[in-house]
Amino acid sequence: MALAVAAALAVPAEARHRLHADNLPVVTPRAETPALHDDDEGGNADADDPAIWRNAAAPGRSLVVATAKEGGLRVYDLDARLVQSIAAPPAAGEGDAPGRFNNVDLVHGLRLSSGKADLAVTSDRGHDRLRFYRVDRDRAGGPLTDVTDPAAPHVFSRDQAEVNGQRTAYGLATWTNPATGKSYALVSRRERTGIALLELLPTAGGKVTYRKVRSLDLPSSFRLPNGTSWSPCGEPGELPQVEGMVVDPANGMLYAGQEDIGVWRMRADLTGKPKLIDKVREYGVPGVYDEETEECTPGRDPGFGGTRISADVEGLTLLAESDGDGDGDGDGDGDGDGDGYILASSQGDNTFAAYDRELEDANEYEGGFRVTAANDTLDGSEECDGAAVLNAPLGSKYPGGLLVVQDGHDSPGGDRDATNFKFVDLAKVMDALDD
């Protein structure tokens with residue numbers, strides 16, 4: 001995550017933001033995954049980003065695949081119970097950065113040399129690579145098998161020294177072009193504004209690699225209506241990065257959350273000009289970075305920001321509205337025909353914003369909601385990093401679909417900081433958005 005803007009904005013503005021959040025409808029989770037702890041005892045595991053894999057043959061036996069940063073990958077069933085844990089790869093050498101899985105997404109039916117397969121794709125920030133895991137629900141030893149080609153290249157770095165600088169693969173979204181059948185990953189770069197388009201390629205032995213097709217840099221400086229130039233405050237040398245991303249397969253549009261800026265829409269093939277469809281409230285607020293506290297002290301809010309989301313904006317996911325699995329083909333990928341929402345996590349006020357998916361409606365804001373505690377032991381979601389939604393029947397537990405959100409402050413967590421994932425009945429979310 002980028003540095004959060006410190007809580008020193010003018011009180012009236014804070015009050016307006018809080019009023020907005022308090023007026024939103026609430027939903028409660030049905031289940032939560034075991035807590036993860038980012039310390040030595042917990043294996044430096046830190047919940048970040050989920051993806052939902054639908055078992056078309058037995059929807060009630062579907063899975064949630066989620067990243068745990070240095071803790072690797074976790075796989076959960078629909079009861080939020082741990083099914084499999086996969087360690088991140090070790091450091092390349094002494095003194096090098098260890099593996100760190102940041103974001104995860106799915107590719108359905110990729111044609112490998114060993115046959116078609118569903119894959120979980122994750123960005124390994126520690127090694128600046130993508131890693132690929134074949135999904136086989138009934139495989140002995142766990143449903144995921146590593147099928148990464150050992151020769152898969154770095155995404156952004158030229159050598160190990162650059163990898164160790166950790167301006168590496170960060171956010172991730174997958175996309176299959178229906179016109180060509182080719183599958184891609186769109187990968188953002190930590191502390192930079194760049195996004196790379198990588199074509200996924202099968203290699204011998206059922207392995208997978210990739211090649212870079214093109215890249216695009218989002219702006220890092222913006223012209224404000226008063227004629228001044230503005231860049232968000234951050235550590236020296238850092239640019240406003242992107243993490244949360246999702247592609248709408250119905251129209252080939254990529255939605256990307258530039259954490260301190262807002263939500264962008266652009267073509268998934270990274271051609272054409274990106275459009276900023278909404279801004280965070282802090283957009284345009286000047287700030288001064290304090291080396292001692294490693295925080296930014298904001299200045300006066302000039303009032304050029306948005307009204308619905310607060311930095312950081314993260315956790316973008318596509319909620320497709322249609323019958324069946326989301327596109328009528330039964331594969332559970334939830335493509336849909338254009339109805340539905342783009343959901344974005346608004347970390348600054350612990351809410352989720354919904355934007356109309358249809359381009360004809362200019363991705364207008366349609367409402368929002370909060371995920372709050374169900375009881376004393378099952379809390380809600382705070383400072384959500386990643387989210388995944390699937391509007392498809394998932395057996396008796398989630399017949400109306402599932403929303404999975406990261407919780408950055410799991411409680412009650414005892415004496416240790418804890419993170420995990422909350423499972424929310426999607427029917428509750430749809431009711432909230434229809435209010």
# chains A, B, ... in the order shown; residues from 1 in each chain; ligands from 1
$ select_by_dssp --residues "stretch 102-246 of chain A" --states "strand (DSSP E or B)" --output "MDAnalysis selection string"
chainID A and resid 102:112 115:124 129:135 144:146 148 169:176 183:189 194:203 207:217 222:223 229:230 242:246
$ residues_around --residues "A:Phe423" --least-positions-apart "3" --cutoff "7 Å" --atoms "only C-alpha atoms" --output "MDAnalysis selection string"
chainID A and resid 29:32 402:405
$ residues_around --residues "A:Gly60" --least-positions-apart "2" --cutoff "8 Å" --atoms "only C-alpha atoms" --output "list in words"
Asn55, Ala58, Ser62, Leu78, Leu394, Gly395, Ser396 and Lys397 of chain A
$ select_by_dssp --residues "stretch 119-299 of chain A" --states "helix (DSSP H, G or I)" --output "list of chain:residue names"
A:Gln160, A:Ala161, A:Glu162, A:Val163, A:Asn164, A:Ala204, A:Gly205, A:Gly206
$ residues_around --residues "stretch 277-292 of chain A" --least-positions-apart "2" --cutoff "10 Å" --atoms "only C-alpha atoms" --output "ChimeraX atom specification"
/A:5-6,9,13,17,222-225,228-236,255,257-265,274-275,294-313,346,348,355,362-365
$ residues_around --residues "A:Arg74" --least-positions-apart "5" --cutoff "6 Å" --atoms "only C-alpha atoms" --output "PDB file with N, CA, C and O atoms, in the first residue's frame"
ATOM      1  N   VAL A  65      -8.875 -18.757  -3.627  1.00  0.00           N
ATOM      2  CA  VAL A  65      -7.415 -18.717  -3.634  1.00  0.00           C
ATOM      3  C   VAL A  65      -7.001 -17.308  -3.234  1.00  0.00           C
ATOM      4  O   VAL A  65      -7.537 -16.325  -3.774  1.00  0.00           O
ATOM      5  N   ALA A  66      -6.068 -17.191  -2.287  1.00  0.00           N
ATOM      6  CA  ALA A  66      -5.736 -15.862  -1.757  1.00  0.00           C
ATOM      7  C   ALA A  66      -4.253 -15.741  -1.487  1.00  0.00           C
ATOM      8  O   ALA A  66      -3.586 -16.721  -1.133  1.00  0.00           O
ATOM      9  N   GLN A  84      -5.305 -25.711   1.507  1.00  0.00           N
ATOM     10  CA  GLN A  84      -3.915 -25.862   1.066  1.00  0.00           C
ATOM     11  C   GLN A  84      -3.151 -24.582   1.361  1.00  0.00           C
ATOM     12  O   GLN A  84      -3.704 -23.478   1.262  1.00  0.00           O
ATOM     13  N   SER A  85      -1.883 -24.728   1.713  1.00  0.00           N
ATOM     14  CA  SER A  85      -0.981 -23.597   1.920  1.00  0.00           C
ATOM     15  C   SER A  85       0.256 -23.830   1.071  1.00  0.00           C
ATOM     16  O   SER A  85       0.866 -24.905   1.127  1.00  0.00           O
TER      17      SER A  85
END
$ closest_residue --among "A:Arg167, A:Lys422, A:Arg54, A:His409" --to "A:Asp136" --atoms "only C-alpha atoms"
A:Arg54
